[in-house]
Each structure stands twice: as C-alpha cells, then as structure tokens.
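Participant: So here's run_13.cif (mmCIF, C-alpha atoms and all ligand atoms).
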data_query
loop_
_atom_site.label_atom_id
_atom_site.label_comp_id
_atom_site.auth_asym_id
_atom_site.auth_seq_id
_atom_site.Cartn_x
_atom_site.Cartn_y
_atom_site.Cartn_z
CA MET L 1 10.85 0.40 22.33
CA ARG L 2 13.47 1.95 20.04
CA ILE L 3 12.51 0.88 16.55
CA GLY L 4 14.32 1.35 13.24
CA ILE L 5 12.00 1.39 10.22
CA VAL L 6 13.33 0.92 6.70
CA CYS L 7 11.00 1.53 3.76
CA TYR L 8 10.56 3.15 0.36
CA PRO L 9 9.80 6.80 1.10
CA THR L 10 7.30 7.16 -1.78
CA PHE L 11 3.50 7.32 -2.06
CA GLY L 12 3.51 3.53 -2.73
CA GLY L 13 1.49 1.32 -0.38
CA SER L 14 4.43 -0.22 1.45
CA GLY L 15 5.96 3.19 2.20
CA VAL L 16 2.61 4.54 3.34
CA VAL L 17 1.99 1.60 5.68
CA ALA L 18 5.53 1.83 7.11
CA THR L 19 5.23 5.57 7.67
CA GLU L 20 1.77 5.43 9.22
CA LEU L 21 2.94 2.56 11.44
CA GLY L 22 5.94 4.60 12.61
CA LYS L 23 3.73 7.61 13.32
CA ALA L 24 1.25 5.51 15.27
CA LEU L 25 4.04 3.84 17.28
CA ALA L 26 5.55 7.26 18.06
CA LEU L 27 2.17 8.44 19.36
CA LYS L 28 2.21 5.49 21.74
CA GLY L 29 5.59 6.57 23.12
CA HIS L 30 8.00 4.42 21.11
CA LYS L 31 11.07 6.07 19.62
CA VAL L 32 10.90 5.51 15.87
CA HIS L 33 13.87 5.99 13.53
CA PHE L 34 13.16 6.03 9.79
CA ILE L 35 16.17 5.01 7.73
CA THR L 36 15.68 5.69 4.03
CA TYR L 37 16.98 7.66 1.04
CA SER L 38 14.60 10.60 1.39
CA GLN L 39 11.98 11.93 3.78
CA PRO L 40 8.95 9.55 3.59
CA ALA L 41 6.04 11.20 1.70
CA ARG L 42 3.68 11.04 4.67
CA LEU L 43 6.23 11.97 7.33
CA HIS L 44 5.55 15.65 7.61
CA LEU L 45 4.86 16.22 11.27
CA PHE L 46 7.02 17.08 14.23
CA SER L 47 7.13 14.60 17.10
CA GLU L 48 9.65 14.17 19.86
CA ASN L 49 9.57 10.43 19.14
CA LEU L 50 10.14 10.51 15.37
CA PHE L 51 13.57 10.62 13.73
CA TYR L 52 14.66 10.52 10.13
CA HIS L 53 18.09 9.34 8.96
CA GLU L 54 18.98 9.81 5.33
CA VAL L 55 20.91 7.14 3.48
CA PHE L 56 23.49 8.91 1.38
CA ILE L 57 25.40 7.24 -1.45
CA PRO L 58 28.63 9.02 -2.39
CA ALA L 59 28.99 9.35 -6.17
CA TYR L 60 31.96 7.71 -7.86
CA PRO L 61 32.49 7.41 -11.64
CA LEU L 62 33.04 3.65 -11.35
CA PHE L 63 29.52 3.06 -10.03
CA GLN L 64 27.22 2.46 -12.97
CA TYR L 65 24.69 1.38 -10.34
CA PRO L 66 25.01 3.22 -7.00
CA PRO L 67 25.40 0.56 -4.26
CA TYR L 68 22.31 1.61 -2.25
CA GLU L 69 22.06 -1.66 -0.35
CA LEU L 70 25.57 -1.23 1.09
CA ALA L 71 24.97 2.38 2.09
CA LEU L 72 21.68 1.33 3.69
CA ALA L 73 23.29 -1.53 5.62
CA SER L 74 26.03 0.81 6.86
CA LYS L 75 23.43 3.34 7.97
CA MET L 76 21.47 0.64 9.81
CA VAL L 77 24.64 -0.42 11.64
CA ASP L 78 25.40 3.16 12.60
CA ILE L 79 21.86 4.01 13.82
CA ALA L 80 21.36 0.68 15.60
CA ARG L 81 24.57 1.23 17.58
CA PHE L 82 24.27 4.92 18.27
CA GLU L 83 20.52 4.95 19.04
CA LYS L 84 20.62 1.55 20.80
CA LEU L 85 17.74 0.21 18.71
CA ASP L 86 15.75 -2.75 20.06
CA LEU L 87 14.82 -3.96 16.58
CA LEU L 88 14.90 -3.23 12.87
CA HIS L 89 11.62 -3.48 10.94
CA VAL L 90 12.10 -3.51 7.18
CA HIS L 91 9.20 -3.05 4.76
CA TYR L 92 9.39 -4.63 1.29
CA ALA L 93 11.89 -7.45 1.02
CA ILE L 94 13.96 -6.07 -1.88
CA PRO L 95 16.62 -4.94 -1.03
CA HIS L 96 15.72 -4.09 2.56
CA ALA L 97 15.71 -7.62 4.00
CA SER L 98 19.12 -8.51 2.61
CA ALA L 99 20.58 -5.15 3.68
CA ALA L 100 19.21 -5.81 7.18
CA PHE L 101 20.79 -9.28 7.17
CA MET L 102 24.16 -7.72 6.39
CA ALA L 103 23.70 -5.06 9.07
CA LYS L 104 22.79 -7.76 11.60
CA GLN L 105 25.96 -9.74 10.80
CA ILE L 106 28.14 -6.65 11.15
CA LEU L 107 26.49 -5.74 14.46
CA LYS L 108 27.13 -9.28 15.73
CA THR L 109 30.86 -8.74 15.29
CA LYS L 110 30.48 -5.76 17.62
CA GLY L 111 28.67 -7.82 20.26
CA ILE L 112 25.21 -6.47 19.39
CA ASN L 113 22.30 -8.78 18.56
CA ILE L 114 19.47 -6.93 16.90
CA PRO L 115 16.29 -8.70 15.78
CA VAL L 116 15.20 -8.06 12.19
CA ILE L 117 11.54 -8.14 11.17
CA THR L 118 10.60 -8.19 7.49
CA THR L 119 7.14 -7.22 6.27
CA LEU L 120 6.21 -8.53 2.83
CA HIS L 121 3.96 -6.15 0.95
CA GLY L 122 3.14 -7.73 -2.39
CA THR L 123 5.14 -7.10 -5.51
CA ASP L 124 8.33 -7.93 -3.58
CA ILE L 125 6.90 -11.48 -3.68
CA THR L 126 4.37 -11.72 -6.50
CA LEU L 127 6.17 -9.81 -9.28
CA VAL L 128 9.75 -8.76 -8.60
CA GLY L 129 10.81 -11.22 -5.92
CA LYS L 130 10.10 -14.42 -7.81
CA ASP L 131 12.11 -13.24 -10.81
CA ALA L 132 15.25 -15.37 -11.10
CA SER L 133 17.36 -12.21 -10.78
CA PHE L 134 16.30 -11.87 -7.15
CA GLU L 135 14.77 -15.15 -5.96
CA PRO L 136 17.79 -16.72 -4.17
CA VAL L 137 18.49 -13.53 -2.22
CA VAL L 138 14.81 -13.01 -1.36
CA THR L 139 14.43 -16.60 -0.13
CA PHE L 140 17.61 -16.38 1.91
CA SER L 141 16.87 -13.03 3.49
CA ILE L 142 13.28 -13.95 4.42
CA ASN L 143 14.57 -17.13 6.07
CA GLN L 144 17.25 -15.16 7.91
CA SER L 145 14.78 -12.61 9.30
CA ASP L 146 13.91 -13.13 12.95
CA GLY L 147 10.25 -12.39 12.26
CA VAL L 148 8.25 -12.18 9.05
CA THR L 149 4.83 -10.66 8.46
CA ALA L 150 2.63 -10.47 5.36
CA VAL L 151 -0.20 -8.03 4.76
CA SER L 152 -2.78 -10.69 3.85
CA ASP L 153 -3.32 -14.41 4.08
CA SER L 154 -3.19 -14.60 0.30
CA LEU L 155 0.30 -13.09 0.32
CA ARG L 156 1.38 -15.48 3.07
CA VAL L 157 0.23 -18.46 0.98
CA GLU L 158 1.84 -17.10 -2.21
CA THR L 159 5.13 -16.61 -0.37
CA TYR L 160 5.14 -20.27 0.66
CA ASP L 161 4.16 -21.26 -2.90
CA TYR L 162 6.89 -19.29 -4.67
CA PHE L 163 9.78 -19.55 -2.23
CA ASP L 164 11.34 -22.23 -0.07
CA ILE L 165 10.44 -20.60 3.26
CA GLU L 166 11.08 -22.25 6.61
CA LYS L 167 9.93 -19.33 8.74
CA ASP L 168 6.44 -18.80 10.16
CA ILE L 169 4.75 -15.85 8.49
CA GLU L 170 2.37 -13.83 10.63
CA VAL L 171 -0.47 -12.04 8.84
CA ILE L 172 -0.90 -8.43 9.94
CA PRO L 173 -3.19 -6.60 7.52
CA ASN L 174 -2.96 -3.01 6.31
CA PHE L 175 -4.71 -0.48 8.52
CA ILE L 176 -6.34 2.92 8.27
CA ASN L 177 -6.46 6.09 10.31
CA LEU L 178 -10.20 6.79 10.48
CA GLU L 179 -9.58 10.31 11.75
CA LYS L 180 -7.86 11.22 8.50
CA PHE L 181 -9.81 8.99 6.12
CA LYS L 182 -13.43 9.88 6.72
CA ARG L 183 -16.13 11.33 4.52
CA GLN L 184 -15.83 15.11 4.71
CA ARG L 185 -18.31 17.73 3.53
CA LYS L 186 -16.91 18.66 0.12
CA GLU L 187 -20.13 19.37 -1.81
CA HIS L 188 -18.65 22.54 -3.32
CA PHE L 189 -15.85 20.44 -4.82
CA ARG L 190 -18.35 17.95 -6.18
CA MET L 191 -20.53 20.68 -7.69
CA ALA L 192 -17.51 22.18 -9.39
CA ILE L 193 -16.79 19.02 -11.36
CA ALA L 194 -20.10 17.17 -11.66
CA SER L 195 -23.74 18.09 -11.99
CA SER L 196 -26.19 16.92 -9.35
CA ASN L 197 -27.47 13.93 -11.34
CA GLU L 198 -23.98 12.61 -12.13
CA LYS L 199 -22.25 9.79 -10.30
CA LEU L 200 -18.53 10.00 -9.50
CA LEU L 201 -16.21 7.04 -10.00
CA VAL L 202 -12.66 7.14 -8.63
CA HIS L 203 -9.45 5.17 -9.14
CA THR L 204 -6.12 5.80 -7.42
CA SER L 205 -2.90 4.02 -8.29
CA ASN L 206 0.66 4.29 -9.55
CA PHE L 207 -0.50 3.64 -13.14
CA ARG L 208 1.61 0.53 -13.53
CA ALA L 209 0.56 -2.40 -15.75
CA VAL L 210 -0.43 -4.48 -12.69
CA LYS L 211 -3.20 -1.94 -11.89
CA ARG L 212 -4.91 -2.40 -15.30
CA VAL L 213 -5.92 1.25 -15.54
CA GLU L 214 -7.10 0.49 -19.07
CA ASP L 215 -9.86 -1.64 -17.52
CA VAL L 216 -10.82 1.31 -15.30
CA ILE L 217 -11.33 3.47 -18.37
CA ARG L 218 -13.18 0.80 -20.34
CA ILE L 219 -15.48 0.08 -17.38
CA PHE L 220 -16.18 3.77 -16.98
CA ALA L 221 -16.86 4.25 -20.71
CA LYS L 222 -19.59 1.59 -20.50
CA VAL L 223 -21.07 2.84 -17.22
CA ARG L 224 -21.24 6.33 -18.71
CA GLN L 225 -23.37 5.01 -21.58
CA GLN L 226 -25.98 3.94 -19.02
CA ILE L 227 -25.88 6.71 -16.41
CA PRO L 228 -24.45 10.25 -16.32
CA SER L 229 -21.08 10.00 -14.59
CA LYS L 230 -17.54 11.26 -14.32
CA LEU L 231 -14.23 9.51 -13.59
CA LEU L 232 -11.49 10.92 -11.37
CA LEU L 233 -8.06 9.36 -11.67
CA VAL L 234 -5.60 10.02 -8.86
CA GLY L 235 -1.90 9.18 -9.12
CA ASP L 236 0.62 8.98 -11.87
CA GLY L 237 2.95 6.47 -13.46
CA PRO L 238 4.22 4.85 -16.63
CA ASP L 239 0.82 4.00 -18.16
CA ARG L 240 -0.65 7.48 -17.93
CA PRO L 241 0.15 8.66 -21.50
CA LYS L 242 -1.47 5.49 -22.90
CA MET L 243 -4.54 6.12 -20.77
CA GLU L 244 -4.88 9.70 -21.97
CA LYS L 245 -4.70 8.42 -25.54
CA LEU L 246 -7.37 5.80 -24.81
CA CYS L 247 -9.72 8.45 -23.41
CA ARG L 248 -9.30 10.43 -26.65
CA GLU L 249 -10.01 7.34 -28.77
CA LEU L 250 -13.13 6.58 -26.74
CA GLN L 251 -14.10 10.26 -26.90
CA ILE L 252 -14.69 10.49 -23.16
CA CYS L 253 -12.05 13.10 -22.23
CA GLN L 254 -14.67 15.63 -21.13
CA ASP L 255 -15.78 13.21 -18.40
CA VAL L 256 -12.37 11.98 -17.20
CA ARG L 257 -10.01 14.00 -15.01
CA PHE L 258 -6.42 13.05 -14.37
CA LEU L 259 -5.63 14.65 -11.00
CA GLY L 260 -2.03 13.47 -10.62
CA LYS L 261 -0.38 12.71 -7.28
CA LEU L 262 -2.41 14.25 -4.48
CA ASP L 263 -1.59 14.50 -0.80
CA ALA L 264 -5.21 14.73 0.35
CA VAL L 265 -6.73 11.73 -1.44
CA GLU L 266 -9.44 11.65 1.23
CA GLU L 267 -10.88 14.89 -0.17
CA VAL L 268 -11.46 13.27 -3.55
CA LEU L 269 -12.78 10.10 -1.95
CA SER L 270 -15.21 12.23 0.07
CA ILE L 271 -17.18 13.06 -3.07
CA ALA L 272 -16.95 9.62 -4.71
CA ASP L 273 -19.76 7.09 -5.25
CA LEU L 274 -17.68 4.15 -6.40
CA PHE L 275 -14.03 3.05 -6.34
CA LEU L 276 -12.62 0.88 -9.13
CA MET L 277 -9.72 -1.53 -8.52
CA PRO L 278 -9.38 -3.95 -11.45
CA SER L 279 -5.80 -4.99 -10.49
CA GLU L 280 -4.10 -8.05 -11.93
CA LYS L 281 -2.44 -8.64 -8.56
CA GLU L 282 -3.01 -6.93 -5.23
CA SER L 283 -1.72 -8.32 -1.95
CA PHE L 284 -4.17 -6.26 0.11
CA GLY L 285 -5.45 -3.13 -1.67
CA LEU L 286 -4.74 -0.25 0.69
CA ALA L 287 -6.24 2.24 -1.81
CA ALA L 288 -9.55 0.37 -1.62
CA LEU L 289 -9.45 0.48 2.19
CA GLU L 290 -8.90 4.25 2.05
CA ALA L 291 -11.97 4.53 -0.20
CA MET L 292 -14.10 2.33 2.07
CA ALA L 293 -13.18 4.43 5.10
CA CYS L 294 -14.62 7.39 3.18
CA GLU L 295 -17.86 5.41 2.61
CA VAL L 296 -17.07 4.49 -0.96
CA PRO L 297 -18.02 0.96 -2.13
CA VAL L 298 -15.55 -0.94 -4.30
CA VAL L 299 -15.81 -2.84 -7.58
CA SER L 300 -12.60 -4.84 -7.82
CA THR L 301 -11.08 -8.02 -9.08
CA ASN L 302 -10.78 -11.03 -6.82
CA ALA L 303 -6.97 -10.97 -7.17
CA GLY L 304 -4.69 -11.77 -4.23
CA GLY L 305 -5.84 -10.43 -0.89
CA ILE L 306 -8.59 -8.11 -2.17
CA PRO L 307 -11.44 -10.48 -1.15
CA GLU L 308 -10.08 -10.38 2.43
CA LEU L 309 -11.05 -6.70 2.39
CA ASN L 310 -13.83 -6.15 -0.17
CA VAL L 311 -16.66 -8.48 0.82
CA ASP L 312 -18.45 -9.60 -2.34
CA GLY L 313 -22.06 -8.39 -2.39
CA GLU L 314 -21.65 -6.36 0.81
CA THR L 315 -19.00 -3.68 0.55
CA GLY L 316 -18.91 -3.94 -3.25
CA PHE L 317 -18.21 -6.78 -5.64
CA THR L 318 -15.21 -8.85 -6.72
CA SER L 319 -14.85 -10.25 -10.26
CA PRO L 320 -12.22 -12.23 -12.16
CA VAL L 321 -9.33 -10.21 -13.61
CA GLY L 322 -10.33 -8.71 -16.96
CA ALA L 323 -14.08 -9.37 -16.58
CA ILE L 324 -14.96 -5.86 -17.72
CA ASP L 325 -18.61 -6.47 -18.57
CA GLU L 326 -19.23 -8.13 -15.21
CA MET L 327 -17.62 -5.19 -13.41
CA VAL L 328 -19.78 -2.78 -15.42
CA GLU L 329 -22.91 -4.69 -14.39
CA LYS L 330 -21.85 -4.65 -10.72
CA ALA L 331 -20.97 -0.97 -10.88
CA LEU L 332 -24.40 -0.11 -12.29
CA TYR L 333 -26.06 -2.18 -9.58
CA ILE L 334 -24.22 -0.34 -6.78
CA LEU L 335 -24.78 3.08 -8.35
CA ASP L 336 -28.54 2.53 -8.38
CA ASP L 337 -29.93 4.98 -5.79
CA GLU L 338 -31.85 2.11 -4.19
CA ASN L 339 -28.61 0.23 -3.43
CA LEU L 340 -25.94 2.88 -2.97
CA PRO L 341 -26.65 3.88 0.69
CA ARG L 342 -26.46 0.24 1.84
CA PHE L 343 -23.13 -0.37 0.10
CA LYS L 344 -21.71 2.89 1.46
CA ALA L 345 -22.65 2.00 5.04
CA ASN L 346 -21.24 -1.53 4.65
CA ALA L 347 -17.98 -0.16 3.23
CA LEU L 348 -17.44 2.04 6.27
CA ARG L 349 -18.39 -0.74 8.69
CA ARG L 350 -15.84 -3.07 7.10
CA ALA L 351 -13.13 -0.38 7.07
CA LYS L 352 -13.49 -0.11 10.84
CA ASP L 353 -12.16 -3.68 11.16
CA PHE L 354 -8.82 -2.27 9.98
CA ASP L 355 -8.71 0.70 12.32
CA VAL L 356 -5.13 1.69 13.15
CA ASP L 357 -5.95 1.27 16.85
CA LYS L 358 -6.77 -2.41 16.27
CA ILE L 359 -3.86 -3.30 14.00
CA VAL L 360 -0.88 -1.42 15.47
CA PRO L 361 -1.06 -3.39 18.76
CA LEU L 362 -0.63 -6.55 16.65
CA TYR L 363 2.73 -5.19 15.49
CA GLU L 364 3.69 -4.26 19.05
CA ASP L 365 2.84 -7.77 20.27
CA PHE L 366 4.79 -9.27 17.40
CA TYR L 367 7.83 -7.10 18.17
CA GLN L 368 7.73 -8.19 21.79
CA LYS L 369 7.37 -11.85 20.83
CA ILE L 370 10.41 -11.66 18.53
CA ILE L 371 12.50 -9.75 21.08
CA ASN L 372 11.64 -12.40 23.71
CA THR L 373 12.90 -15.20 21.48
CA GLN L 374 16.36 -13.64 21.11
O1 LIG N 401 0.46 -1.24 -5.20
C1 LIG N 401 1.61 -0.96 -5.48
O2 LIG N 401 2.08 -1.11 -6.62
C2 LIG N 401 2.53 -0.45 -4.41
C3 LIG N 401 2.89 -1.57 -3.49
C4 LIG N 401 4.07 -1.24 -2.63
O3 LIG N 401 4.75 -2.19 -2.28
O4 LIG N 401 4.36 -0.10 -2.31
O5 LIG N 401 1.73 -1.89 -2.74
C5 LIG N 401 1.68 -3.17 -2.15
O6 LIG N 401 1.66 -2.94 -0.74
C6 LIG N 401 0.49 -2.32 -0.23
C7 LIG N 401 0.69 -2.09 1.27
O7 LIG N 401 0.91 -3.27 1.96
C8 LIG N 401 -0.73 -3.21 -0.53
O8 LIG N 401 -1.90 -2.63 0.01
C9 LIG N 401 -0.85 -3.35 -2.05
O9 LIG N 401 -1.93 -4.23 -2.33
C10 LIG N 401 0.42 -3.93 -2.62
N1 LIG N 401 0.35 -3.91 -4.09
C11 LIG N 401 0.34 -5.03 -4.83
O10 LIG N 401 0.34 -6.14 -4.35
C12 LIG N 401 0.28 -4.82 -6.31
#
Represent the supplied structure as structure tokens.
Ligand code: GMT
Facilitator:
Amino acid sequence: MRIGIVCYPTFGGSGVVATELGKALALKGHKVHFITYSQPARLHLFSENLFYHEVFIPAYPLFQYPPYELALASKMVDIARFEKLDLLHVHYAIPHASAAFMAKQILKTKGINIPVITTLHGTDITLVGKDASFEPVVTFSINQSDGVTAVSDSLRVETYDYFDIEKDIEVIPNFINLEKFKRQRKEHFRMAIASSNEKLLVHTSNFRAVKRVEDVIRIFAKVRQQIPSKLLLVGDGPDRPKMEKLCRELQICQDVRFLGKLDAVEEVLSIADLFLMPSEKESFGLAALEAMACEVPVVSTNAGGIPELNVDGETGFTSPVGAIDEMVEKALYILDDENLPRFKANALRRAKDFDVDKIVPLYEDFYQKIINTQ
C-alpha cells in the first residue's frame, strides 16, 4: 500500500507510535509518506520505502497564528495526488483529522476518493478535545473519518462518553519493538551513578501537569527513607523547574538526576528496578510499556488505559490517582529482593503481548477493511 502518515514529529507518544508504525510498515514493503512540519524524532534511518514531506507555512505579517491546518491540508492534497496514496492515516485528532477532512473534500473535486483513518491517542480526547474551543470540530472530524482507532478500550469508551460519535472505534493498542527495547548489559552505567546496594527508580515523561511528576518525587522521597535508592528522571517540560525546587526543599537532590530528553531511553531502563507512572490521565502508557520490555516493573495509577497494560499484582501495581502512600507501599514491596525477580519476569512477559509484530498486522487489516468499504 501507499500510505500517508500525519503526526506530531516530537518525542510525544502519538508521534512515536506513528513513526514506529510507519517504519514497521516500510519494512513490510509498504511505501510510507510522513507529512509533518519537521522530521519525526525517531525517523532517522534510510529506507527505500520511507519518505518525508515537510509542511511549510509561508510567513505573512497578517498571520498572528500561522494557519498550519491549511498548509497541512494542501500538502496532503499534493502528496495524495502525486504519490497516488491509497489512504491517509492521521495520528492525534487535533488538528490532523479536520485537516484530513478538508484534504479529502478537495481531492473529491479532482475525482480522487482517499480513505482517511484517524487514530485517537489520548489528550486529543481526554484533555484538549473536549474543551469547548475544539469539541464541535473534533466530533465532526471523527465522524467524517472513514475509520477510527483508539489506543485502548478505556479511550474508546471515553470518546463515546465525551463526544457524539456515530462511528465504530476499533481498539489497536500501542506496541513495542522488542529488538530495541530490551534489557542491555549496562552495569558500568549503573555503577557510575549508584552503589551496589541501591535501587534505581525511573520516570520518563514530558513533565506536564497530567503526569504528576510531583507525585514521582514524593513517592521517591518516602521510598528513599526506607531503602537506599536513586531516582532518574528522563524528559523535559513545563513542570521541570518546579520539580527541581521540590527536590531542594525535600533535600534529596543528591539522589535525583534530571537526565533531560534522551534518544536511547532503553539504556536508562536497562539499569532500572522500578518505573513510576502516577499520571492523572493516560490513555495507554507507552512509557510504561517501554519500561516493561526492559524488564522493569511498574507502579502506576489506575487512570485510563493503564490497567489494560500494567496488571495489578503481576507486572506491578495500580493505585488511585494521588494515593502516594499506597504507591510507596507497593514500590517497597516490589523492590524487596524476594519479589523483584518475579515482577521483572512478569513485566517482560506482558510486554511481549504488545510486540510490534503482533500489532502492526492489526493496522494492515484495518487499512484493508476500510479500503474495501470505499
Ligand atoms: O503522554 C503524553 O502527554 C503524550 C501523548 C501524545 O499524544 O503524544 O501520549 C498519548 O499517546 C500515547 C501513544 O498512544 C499514549 O501511550 C499515552 O498514554 C497518551 N498520553 C495520555 O493519554 C496522557
């Protein structure tokens, strides 16, 4: 197939899933065209089947807000026609689904019918999408998509709860490349930052309010009172300065490292004993899946789709949002040397259910089904 993929080109979960999907489809022989405003963060390999088309917005003094959606729709029209795309797959509804709707209408006037598939990733529904500033457009563009997928059953249900949706929503979960995300021998790295009796806790996120990084730090501060440990924080975002201040107030800076945005997260995960995900909302929790693939158990909230991944009492534990003391108790239980090996093995076993080789064929089947209905 000739597939156009539209996504955010950042380290964010939806962009990562879209990019990894495109790479996996290209490996299977499909021609994949990424259409976005900059080179996707994880698209750094050469393949005869991968193409990147930059959306460029000409500057004009009148534009207080550059009209990205229009430039994107125009680019989709151009690439769909010139590359003879079989379908457009847009990731994250805002503004990609409505831009795709516009592109589809324009293409119709030129005698081309191109199916549009929208994948809902989470905050496009649970936070941003249901805001009155966007809701009518989000509802309309989801209903106008030819196919709709969501990354968890929880997100599917929330979409029906928040919006007036007439379309069937297919659940296709996030996936993981187990060749890339696997526990590697990185003992030298571990020895450089922790002594042999210390446990290593890890959190990765974009440091936005929804991730509750403050809870990560408060959980760690309490765990550290019970057992020698260190905390590694991967990623960056608006809450980081507040978190650095909190570490100073709690006088734990010597045991907390802010590592910033890293390409090779799997190297940090390879030395970790526990992953913390205390999110307020989380449609799936791709970061937790990456940790589990590296044999790291997860203490998380039970928000959104996380329980569909992190099996309570098996691969880690799930607690209500904000239940810091409960998460501390669960963390200490997992970190006990008697329990840790079992949780690590279970985490990896569960991660294998989301192997890229199992999930990508679900997208291919879905594409075919939608094309056949046209
Ligand atoms: O987690 C984020 O804030 C980034 C966000 C995105 O849209 O880029 O991630 C969402 O999509 C990921 C991939 O499908 C999911 O694994 C994340 O759970 C989801 N984040 C939220 O729902 C908060």
Participant: Restricting the calculation to all atoms listed in the file, which member of L:Tyr60, L:Phe175, L:Phe354, L:Phe181 is positioned closest to ligand LIG 401 (chain N)?
Facilitator: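 Of all the options, L:Phe175 lies closest to ligand LIG 401 (chain N).
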Participant: Compute the set of protein, DNA and RNA residues whose minimum atom distance to ligand LIG 401 (chain N) is at most 7 Å, using only C-alpha atoms and all ligand atoms, and state it as a list in words.
Facilitator: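 The distance check yields Gly12, Gly13, Ser14, Gly15, Val17, Tyr92, His121, Gly122, Thr123, Asp124, Val151, Asn174, Ser205, Asn206, Val210, Lys281, Glu282, Ser283, Phe284, Gly285, Leu286 and Ala287 of chain L.
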Participant: Just to be explicit: take each residue in the selection above, keep C-alpha atoms, and write the result as an mmCIF file, in the coordinates of the input.
Facilitator:
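As written to disk, result_14.cif reads:
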data_model
loop_
_atom_site.group_PDB
_atom_site.id
_atom_site.type_symbol
_atom_site.label_atom_id
_atom_site.label_comp_id
_atom_site.auth_asym_id
_atom_site.auth_seq_id
_atom_site.Cartn_x
_atom_site.Cartn_y
_atom_site.Cartn_z
ATOM 1 C CA GLY L 12 3.510 3.530 -2.730
ATOM 2 C CA GLY L 13 1.490 1.320 -0.380
ATOM 3 C CA SER L 14 4.430 -0.220 1.450
ATOM 4 C CA GLY L 15 5.960 3.190 2.200
ATOM 5 C CA VAL L 17 1.990 1.600 5.680
ATOM 6 C CA TYR L 92 9.390 -4.630 1.290
ATOM 7 C CA HIS L 121 3.960 -6.150 0.950
ATOM 8 C CA GLY L 122 3.140 -7.730 -2.390
ATOM 9 C CA THR L 123 5.140 -7.100 -5.510
ATOM 10 C CA ASP L 124 8.330 -7.930 -3.580
ATOM 11 C CA VAL L 151 -0.200 -8.030 4.760
ATOM 12 C CA ASN L 174 -2.960 -3.010 6.310
ATOM 13 C CA SER L 205 -2.900 4.020 -8.290
ATOM 14 C CA ASN L 206 0.660 4.290 -9.550
ATOM 15 C CA VAL L 210 -0.430 -4.480 -12.690
ATOM 16 C CA LYS L 281 -2.440 -8.640 -8.560
ATOM 17 C CA GLU L 282 -3.010 -6.930 -5.230
ATOM 18 C CA SER L 283 -1.720 -8.320 -1.950
ATOM 19 C CA PHE L 284 -4.170 -6.260 0.110
ATOM 20 C CA GLY L 285 -5.450 -3.130 -1.670
ATOM 21 C CA LEU L 286 -4.740 -0.250 0.690
ATOM 22 C CA ALA L 287 -6.240 2.240 -1.810
#
Participant: Please provide as a list in words all residues within 10 Å of Ile176 (chain L), with the sequence filter that same-chain residues fewer than 6 positions apart are discarded (counting all atoms listed in the file).
Facilitator: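 Counting only the stated atoms, we get Val17, Glu20, Leu21, Leu286, Leu289, Glu290, Met292, Ala293, Ala351, Lys352, Asp353, Phe354, Asp355, Val356, Asp357, Lys358 and Ile359 of chain L.
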Participant: Compile the contact shell of Ala71 (chain L) as a PyMOL selection string: residues with an atom at most 8 Å away, counting all atoms listed in the file, same-chain residues fewer than 6 positions apart removed.
Facilitator: chain L and resi 55-57
Participant: Find the residue from L:Leu45, L:Ile219, L:Val234, L:Val256 that sits nearest to Glu326 (chain L); use all atoms listed in the file when measuring.
Facilitator: L:Ile219
Participant: What is the CA of Gln39 (chain L)-CA of Thr10 (chain L) distance in Å, reported with one decimal?
Facilitator: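 Distance between the two atoms: 8.7 Å.
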Participant: Ranking L:Pro67, L:Pro307, L:Gly4, L:Pro95 by minimum distance to His53 (chain L) and counting all atoms listed in the file, which one comes first?
Facilitator: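 With all atoms listed in the file as the atom set, the closest residue is L:Gly4.
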Participant: Do you have the CA of Phe275 (chain L)-CA of Ile125 (chain L) distance handy?
Facilitator: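 Distance reported for this atom pair: 25.6 Å.
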Participant: Using all atoms listed in the file, which of the listed residues (L:Ala288, L:Ile193, L:Met327, L:Val202) sits closest to Val311 (chain L)?
Facilitator: L:Ala288
Participant: For CA of Phe189 (chain L) and CA of Arg42 (chain L), quote the distance in Å rounded to one decimal.
Facilitator: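 A separation of 23.7 Å between them.
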Participant: Return the single residue from L:Val213, L:Leu259, L:Ile334, L:Cys294 that is closest to Gln184 (chain L), with distances computed using all atoms listed in the file.
Facilitator: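 Looking only at the distances to Gln184 (chain L), the closest residue turns out to be L:Cys294.
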Participant: Determine the nearest neighbour of Lys182 (chain L) from the options L:Ser270, L:Asn339, L:Thr36, L:Gln374, counting all atoms listed in the file.
Facilitator: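 Among L:Ser270, L:Asn339, L:Thr36, L:Gln374, it is L:Ser270 that comes nearest to Lys182 (chain L).
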Participant: Considering all atoms listed in the file, return as a PyMOL selection string whatever protein or nucleic-acid residues lie within 8 Å of Gln144 (chain L), sequence-local ones (same chain, fewer than 3 positions apart) excluded.
Facilitator: chain L and resi 101+140-141
Participant: Would you kindly identify which residues have an atom no farther than 7 Å from (-19.2, -4.4, 1.8), using all atoms listed in the file and the file's own coordinates, and write them out as a list of chain:residue names?
Facilitator: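 Collected hits near the coordinates: L:Pro297, L:Asn310, L:Val311, L:Asp312, L:Gly313, L:Glu314, L:Thr315, L:Gly316, L:Phe343, L:Asn346, L:Ala347, L:Arg350.
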